[in-house]
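Next up, protein.txt (compact mmCIF, C-alpha atoms):
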```txt
# COMPACT_ATOMS: atom_id res chain seq x y z
CA GLN I 1 -42.69 -39.49 18.18
CA LEU I 2 -41.29 -38.01 21.40
CA VAL I 3 -39.60 -41.21 22.46
CA THR I 4 -38.47 -42.11 18.93
CA ALA I 5 -36.53 -38.85 18.60
CA ARG I 6 -35.07 -39.36 22.04
CA THR I 7 -34.02 -42.88 21.05
CA ILE I 8 -32.22 -41.56 17.97
CA ARG I 9 -30.43 -39.03 20.13
CA ALA I 10 -29.44 -41.63 22.70
CA ARG I 11 -28.10 -44.03 20.07
CA ALA I 12 -26.06 -41.30 18.40
CA SER I 13 -24.61 -40.30 21.75
CA ARG I 14 -23.84 -43.91 22.61
CA ASP I 15 -22.01 -44.46 19.33
CA SER I 16 -19.87 -41.36 19.75
CA ALA I 17 -19.05 -41.60 23.44
CA ALA I 18 -20.55 -44.27 25.64
CA GLY I 19 -21.36 -42.54 28.91
CA PRO I 20 -22.04 -44.40 32.17
CA HIS I 21 -25.81 -44.54 31.64
CA LEU I 22 -25.58 -45.84 28.09
CA ALA I 23 -22.73 -48.16 28.97
CA ALA I 24 -24.95 -49.75 31.58
CA ARG I 25 -27.56 -50.38 28.91
CA SER I 26 -24.90 -51.96 26.70
CA ASP I 27 -23.84 -54.28 29.53
CA ARG I 28 -27.41 -55.45 29.94
CA ALA I 29 -27.68 -55.99 26.21
CA THR I 30 -24.74 -58.42 26.15
CA ASN I 31 -26.59 -60.72 28.54
CA SER I 32 -29.90 -60.72 26.69
CA ALA I 33 -31.34 -61.64 23.33
CA PRO I 34 -30.44 -59.63 20.18
CA ARG I 35 -32.00 -56.15 19.91
CA LYS I 36 -32.64 -56.01 23.64
CA ASP I 37 -30.39 -52.96 23.96
CA LYS I 38 -33.24 -51.12 25.64
CA MET I 39 -34.23 -51.92 29.20
CA GLY I 40 -34.46 -55.62 29.94
CA ALA I 41 -37.76 -57.11 31.02
CA HIS I 42 -36.46 -57.42 34.59
CA VAL I 43 -35.65 -53.71 35.07
CA ARG I 44 -37.97 -50.71 35.02
CA LEU I 45 -37.26 -47.05 35.64
CA ALA I 46 -39.72 -44.26 36.33
CA GLY I 47 -39.80 -41.44 33.81
CA PRO I 48 -38.94 -41.19 30.10
CA ASP I 49 -36.78 -44.34 29.97
CA TYR I 50 -39.74 -46.45 31.04
CA ASP I 51 -42.05 -44.65 28.60
CA GLU I 52 -39.54 -45.35 25.85
CA HIS I 53 -39.44 -49.03 26.72
CA VAL I 54 -43.23 -49.33 26.61
CA ALA I 55 -43.41 -47.51 23.28
CA LEU I 56 -40.75 -49.67 21.65
CA ASN I 57 -41.73 -53.02 23.20
CA PRO I 58 -45.51 -53.01 23.76
CA GLN I 59 -45.78 -56.76 23.24
CA GLU I 60 -43.51 -57.43 26.22
CA GLU I 61 -45.81 -55.74 28.73
CA GLU I 62 -47.95 -58.62 29.96
CA GLU I 63 -48.35 -57.40 33.54
CA ALA I 64 -47.99 -54.19 35.50
CA PRO I 65 -44.24 -53.41 35.70
CA LEU I 66 -42.33 -52.36 38.78
CA PHE I 67 -40.79 -48.94 39.20
CA TYR I 68 -37.49 -48.99 41.03
CA TYR I 69 -36.44 -45.93 43.00
CA LYS I 70 -32.97 -45.45 44.45
CA ASP I 71 -34.40 -44.64 47.87
CA ASP I 72 -36.93 -47.49 48.07
CA PRO I 73 -36.68 -50.27 45.46
CA SER I 74 -39.66 -52.14 46.93
CA ARG I 75 -42.25 -49.55 45.83
CA ASP I 76 -44.63 -50.64 43.11
CA ALA I 77 -46.34 -48.65 40.38
CA ARG I 78 -49.47 -47.90 42.41
CA SER I 79 -47.64 -46.62 45.50
CA VAL I 80 -45.54 -44.09 43.61
CA ARG I 81 -48.47 -42.22 42.08
CA GLY I 82 -48.13 -38.56 42.95
CA CYS I 83 -44.41 -38.68 43.71
CA PHE I 84 -42.18 -35.85 42.56
CA LEU I 85 -40.12 -37.44 39.76
CA ASP I 86 -43.01 -39.56 38.56
CA GLU I 87 -45.13 -36.45 38.11
CA ILE I 88 -42.45 -34.27 36.60
CA TYR I 89 -41.77 -36.89 33.91
CA ALA I 90 -45.45 -37.50 33.11
CA LYS I 91 -46.16 -37.38 29.39
CA PRO I 92 -48.51 -34.32 29.50
CA ARG I 93 -45.84 -32.32 31.34
CA LEU I 94 -43.14 -33.43 28.92
CA GLU I 95 -45.31 -32.40 25.98
CA GLN I 96 -46.22 -29.04 27.49
CA LYS I 97 -42.61 -28.29 28.36
CA LEU I 98 -41.50 -29.20 24.85
CA ALA I 99 -44.24 -27.02 23.36
CA ASP I 100 -43.18 -24.11 25.58
CA PHE I 101 -39.55 -24.62 24.61
CA TYR I 102 -39.89 -24.72 20.83
CA PHE I 103 -43.52 -24.15 19.74
CA ASP I 104 -44.82 -21.11 21.66
CA GLY I 105 -46.78 -23.34 24.03
CA ASP I 106 -48.96 -24.85 21.28
CA VAL I 107 -49.16 -28.57 22.12
CA PRO I 108 -51.22 -29.69 19.06
CA TYR I 109 -48.84 -27.83 16.75
CA MET I 110 -45.90 -29.42 18.56
CA ARG I 111 -47.33 -32.90 17.99
CA ASP I 112 -47.63 -32.22 14.27
CA ASN I 113 -44.11 -30.83 13.92
CA VAL I 114 -42.03 -32.54 16.58
CA HIS I 115 -40.33 -34.67 13.90
CA CYS I 116 -38.65 -31.52 12.60
CA LEU I 117 -36.50 -31.11 15.70
CA THR I 118 -32.82 -31.83 15.28
CA ASP I 119 -30.72 -34.04 17.54
CA ALA I 120 -29.08 -30.92 18.96
CA GLN I 121 -32.49 -29.46 19.86
CA TRP I 122 -33.54 -32.69 21.58
CA ARG I 123 -30.27 -32.78 23.50
CA CYS I 124 -30.73 -29.18 24.62
CA PHE I 125 -34.29 -29.88 25.74
CA PHE I 126 -33.56 -32.96 27.84
CA GLU I 127 -30.38 -31.54 29.36
CA GLY I 128 -32.33 -28.52 30.56
CA TYR I 129 -35.55 -30.29 31.51
CA LEU I 130 -34.72 -30.43 35.21
CA VAL I 131 -33.15 -27.52 37.06
CA GLU I 132 -29.44 -27.82 37.73
CA PRO I 133 -29.22 -26.36 41.25
CA LEU I 134 -26.39 -24.22 42.46
CA PRO I 135 -24.06 -25.62 45.13
CA ARG I 136 -25.74 -25.38 48.50
CA ALA I 137 -23.52 -22.55 49.74
CA GLU I 138 -24.42 -20.41 46.71
CA ARG I 139 -28.19 -20.80 46.78
CA LYS I 140 -30.34 -17.71 47.14
CA TYR I 141 -32.02 -18.57 50.44
CA ALA I 142 -30.73 -20.21 53.58
CA VAL I 143 -34.24 -21.27 54.62
CA VAL I 144 -37.63 -21.30 52.93
CA PHE I 145 -40.60 -21.47 55.29
CA TYR I 146 -43.49 -23.06 53.42
CA GLY I 147 -47.12 -22.65 54.50
CA VAL I 148 -46.79 -19.61 56.73
CA SER I 149 -50.19 -17.99 56.09
CA GLY I 150 -51.88 -19.59 59.11
CA TYR I 151 -51.54 -19.53 62.89
CA THR I 152 -48.48 -21.78 63.08
CA GLY I 153 -46.80 -19.70 60.42
CA SER I 154 -47.38 -16.57 62.50
CA LEU I 155 -45.67 -18.28 65.47
CA VAL I 156 -42.68 -19.08 63.29
CA MET I 157 -42.43 -15.45 62.22
CA GLU I 158 -42.76 -14.26 65.82
CA TYR I 159 -39.95 -16.59 66.87
CA LEU I 160 -37.79 -15.45 63.96
CA LYS I 161 -38.35 -11.82 64.92
CA ARG I 162 -37.64 -12.42 68.59
CA GLU I 163 -34.82 -14.97 68.60
CA CYS I 164 -32.90 -14.94 65.31
CA LEU I 165 -29.93 -12.59 65.50
CA ASP I 166 -28.05 -14.05 62.54
CA ASP I 167 -28.02 -12.31 59.19
CA VAL I 168 -29.60 -15.06 57.08
CA ASN I 169 -31.59 -14.76 53.90
CA VAL I 170 -34.99 -16.40 54.34
CA CYS I 171 -38.07 -16.67 52.17
CA PHE I 172 -41.74 -17.22 52.98
CA ALA I 173 -43.78 -19.40 50.63
CA GLY I 174 -47.27 -20.77 50.30
CA ARG I 175 -49.94 -21.79 47.85
CA THR I 176 -51.68 -18.39 47.93
CA LEU I 177 -49.17 -15.56 47.61
CA HIS I 178 -51.33 -12.70 48.88
CA LYS I 179 -52.01 -14.59 52.13
CA VAL I 180 -48.29 -15.10 52.69
CA ILE I 181 -47.57 -11.42 52.08
CA LYS I 182 -50.42 -10.39 54.37
CA MET I 183 -49.06 -12.50 57.23
CA ARG I 184 -45.51 -11.25 56.74
CA ASP I 185 -46.66 -7.61 56.79
CA LYS I 186 -48.82 -8.23 59.86
CA VAL I 187 -46.15 -9.90 61.99
CA LEU I 188 -42.85 -8.52 60.72
CA GLN I 189 -43.68 -4.93 59.81
CA GLY I 190 -41.02 -2.55 61.11
CA THR I 191 -38.42 -5.29 61.59
CA ARG I 192 -35.41 -6.28 59.52
CA TRP I 193 -37.49 -9.19 58.19
CA ALA I 194 -40.21 -6.93 56.77
CA ASN I 195 -38.94 -7.14 53.20
CA CYS I 196 -38.21 -10.85 53.03
CA ASP I 197 -39.15 -12.42 49.72
CA CYS I 198 -42.50 -14.17 49.41
CA VAL I 199 -43.17 -16.71 46.67
CA SER I 200 -46.10 -18.78 45.50
CA CYS I 201 -45.78 -22.55 45.28
CA ASP I 202 -48.52 -25.12 44.76
CA LEU I 203 -47.32 -28.55 45.89
CA LYS I 204 -49.50 -30.11 43.19
CA GLU I 205 -47.28 -28.48 40.54
CA PRO I 206 -43.92 -30.30 40.44
CA PHE I 207 -42.10 -27.57 38.51
CA GLU I 208 -43.06 -25.03 41.17
CA VAL I 209 -41.82 -27.43 43.85
CA GLU I 210 -38.60 -27.89 41.88
CA ALA I 211 -38.00 -24.12 41.67
CA LEU I 212 -38.64 -23.74 45.39
CA VAL I 213 -36.38 -26.48 46.75
CA SER I 214 -33.53 -25.78 44.32
CA SER I 215 -33.33 -22.16 45.49
CA CYS I 216 -32.55 -22.86 49.15
CA ARG I 217 -30.49 -24.95 51.55
CA VAL I 218 -33.33 -25.82 53.95
CA VAL I 219 -37.11 -26.17 53.57
CA CYS I 220 -39.22 -25.89 56.71
CA ASN I 221 -42.70 -27.19 55.95
CA ILE I 222 -45.51 -25.82 58.13
CA ALA I 223 -48.41 -26.66 55.80
CA GLY I 224 -50.07 -29.70 57.33
CA PRO I 225 -51.63 -32.19 57.34
CA PHE I 226 -48.64 -33.32 55.34
CA MET I 227 -50.14 -36.47 53.78
CA LEU I 228 -53.01 -34.40 52.37
CA THR I 229 -51.07 -31.37 51.15
CA GLY I 230 -48.29 -32.95 49.07
CA GLY I 231 -45.77 -33.29 51.88
CA GLU I 232 -44.23 -36.47 50.48
CA ARG I 233 -43.76 -34.78 47.11
CA LEU I 234 -41.89 -31.94 48.81
CA VAL I 235 -39.68 -34.38 50.75
CA GLU I 236 -38.73 -36.30 47.61
CA ALA I 237 -37.91 -33.08 45.77
CA CYS I 238 -35.62 -32.09 48.65
CA ILE I 239 -33.87 -35.45 48.43
CA HIS I 240 -33.39 -35.05 44.69
CA TYR I 241 -31.93 -31.53 44.99
CA ASP I 242 -29.84 -32.09 48.12
CA THR I 243 -31.95 -29.71 50.20
CA ASP I 244 -32.46 -30.28 53.93
CA TYR I 245 -36.05 -30.74 55.10
CA CYS I 246 -37.89 -30.36 58.39
CA ASP I 247 -41.50 -29.87 59.45
CA VAL I 248 -43.46 -29.24 62.60
CA SER I 249 -44.51 -32.85 63.12
```
Before anything else, please render the file you have as structure tokens.
Amino acid sequence: QLVTARTIRARASRDSAAGPHLAARSDRATNSAPRKDKMGAHVRLAGPDYDEHVALNPQEEEEAPLFYYKDDPSRDARSVRGCFLDEIYAKPRLEQKLADFYFDGDVPYMRDNVHCLTDAQWRCFFEGYLVEPLPRAERKYAVVFYGVSGYTGSLVMEYLKRECLDDVNVCFAGRTLHKVIKMRDKVLQGTRWANCDCVSCDLKEPFEVEALVSSCRVVCNIAGPFMLTGGERLVEACIHYDTDYCDVS
């Protein structure tokens, strides 16, 4: 039902004003068999477009499809598990977000009544599904330091206190908020950095990662080991939101 409503919306939009994305679909359709105006069998995209294709053409899926990413088109379905966009477009997250948006967070009720949504409501939901970040110069923080509750984080704070003379707006982040606040108060008490914002962000939660990287110009990741703590997910989110990234490796 989710993808059917989205299909109706997409077709209506295509008929009224063919945008670049829908025009590309139309171009593919002219080179394929009738009624192949969805994705051709040779192209797969991660996210809702791929889910829509599977739902509408289940008989065409004879083998595991490929997911093509703009940064690395050679990656297959298995290797992209856990990546930022793949997770944020997962069906359970789509359903929960839709339930939060229109049905007071009640997913079962949403499933029973999703057919009542209008095209305008679907358009509003999908247009606002991902954060639209501010231009880099207008973002709230210049730098977010992630994972500062440990020893390396304390060294970063010491260096900031001792060496940074610029008036920049920074933020300290980590999975456990009270630990981040405790470290900030321990190292930076009595300095001009004592009241810097602290935020909680679990790298396993893509919407929290999205909110973090879209609020700043630079993310400095201190929370290693990076392959075990969601480092790749954070890097891909930074790429998606045009946020610079560095870490201590």
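Computed from the coordinates, the CA of Val170 in chain I to CA of Asn195 in chain I distance equals 10.1 Å.
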Original post:
Between CA of Ser154 in chain I and CA of Lys179 in chain I, what is the spacing in Å?
Top reply: 11.5 Å
Original post:
Counting all atoms listed in the file, which of I:Ser214, I:Pro225, I:Ser249, I:Ile239 gets nearest to Arg136 in chain I?
Top reply: I:Ser214
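Rounded to one decimal, CA of Val213 in chain I and CA of Lys97 in chain I lie 19.5 Å from each other.
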Subject >> Spatial neighbours of Val156 in chain I, max dist 12 Å, all atoms listed in the file, sep filter under 3 positions, as a PyMOL selection string >> reply: chain I and resi 144-153+159-164+172+183-184+187-188+220-222+247-248
For the residues selected in the previous step, produce a file with C-alpha atoms as a PDB file, keeping the file's coordinate frame.
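Listing of again.pdb after writing:
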```pdb
ATOM      1  CA  VAL I 144     -37.630 -21.300  52.930  1.00  0.00           C
ATOM      2  CA  PHE I 145     -40.600 -21.470  55.290  1.00  0.00           C
ATOM      3  CA  TYR I 146     -43.490 -23.060  53.420  1.00  0.00           C
ATOM      4  CA  GLY I 147     -47.120 -22.650  54.500  1.00  0.00           C
ATOM      5  CA  VAL I 148     -46.790 -19.610  56.730  1.00  0.00           C
ATOM      6  CA  SER I 149     -50.190 -17.990  56.090  1.00  0.00           C
ATOM      7  CA  GLY I 150     -51.880 -19.590  59.110  1.00  0.00           C
ATOM      8  CA  TYR I 151     -51.540 -19.530  62.890  1.00  0.00           C
ATOM      9  CA  THR I 152     -48.480 -21.780  63.080  1.00  0.00           C
ATOM     10  CA  GLY I 153     -46.800 -19.700  60.420  1.00  0.00           C
ATOM     11  CA  TYR I 159     -39.950 -16.590  66.870  1.00  0.00           C
ATOM     12  CA  LEU I 160     -37.790 -15.450  63.960  1.00  0.00           C
ATOM     13  CA  LYS I 161     -38.350 -11.820  64.920  1.00  0.00           C
ATOM     14  CA  ARG I 162     -37.640 -12.420  68.590  1.00  0.00           C
ATOM     15  CA  GLU I 163     -34.820 -14.970  68.600  1.00  0.00           C
ATOM     16  CA  CYS I 164     -32.900 -14.940  65.310  1.00  0.00           C
ATOM     17  CA  PHE I 172     -41.740 -17.220  52.980  1.00  0.00           C
ATOM     18  CA  MET I 183     -49.060 -12.500  57.230  1.00  0.00           C
ATOM     19  CA  ARG I 184     -45.510 -11.250  56.740  1.00  0.00           C
ATOM     20  CA  VAL I 187     -46.150  -9.900  61.990  1.00  0.00           C
ATOM     21  CA  LEU I 188     -42.850  -8.520  60.720  1.00  0.00           C
ATOM     22  CA  CYS I 220     -39.220 -25.890  56.710  1.00  0.00           C
ATOM     23  CA  ASN I 221     -42.700 -27.190  55.950  1.00  0.00           C
ATOM     24  CA  ILE I 222     -45.510 -25.820  58.130  1.00  0.00           C
ATOM     25  CA  ASP I 247     -41.500 -29.870  59.450  1.00  0.00           C
ATOM     26  CA  VAL I 248     -43.460 -29.240  62.600  1.00  0.00           C
TER      27      VAL I 248
END
```
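Taking all atoms listed in the file, the non-local environment of Lys204 in chain I within 9 Å (same-chain residues fewer than 3 positions away omitted) comprises Gly82, Cys201, Glu208, Val209, Thr229, Gly230 and Arg233 of chain I.
Of the residues under consideration (I:Ser215, I:Lys182, I:Pro206, I:His240), I:Ser215 shows the shortest atom-to-atom contact distance to Glu138 in chain I when counting all atoms listed in the file.
Between Asp242 in chain I and the candidates I:Ala223, I:Val114, I:Val218, I:Cys124, the tightest atom-to-atom separation, counting only C-alpha atoms, involves I:Val218.
Proximity ranking of I:Leu234, I:Arg139, I:Arg192, I:Cys83 relative to Leu165 in chain I places I:Arg192 first, based on only C-alpha atoms.
Residue nearest Arg93 in chain I within the list I:Phe207, I:Phe226, I:Trp122, I:Tyr241: I:Phe207 [criterion: smallest interatomic distance, only C-alpha atoms].
Distances from I:Leu117, I:Ala237, I:Met157, I:Cys246 to Glu205 in chain I were compared using only C-alpha atoms, and the smallest one belongs to I:Ala237.
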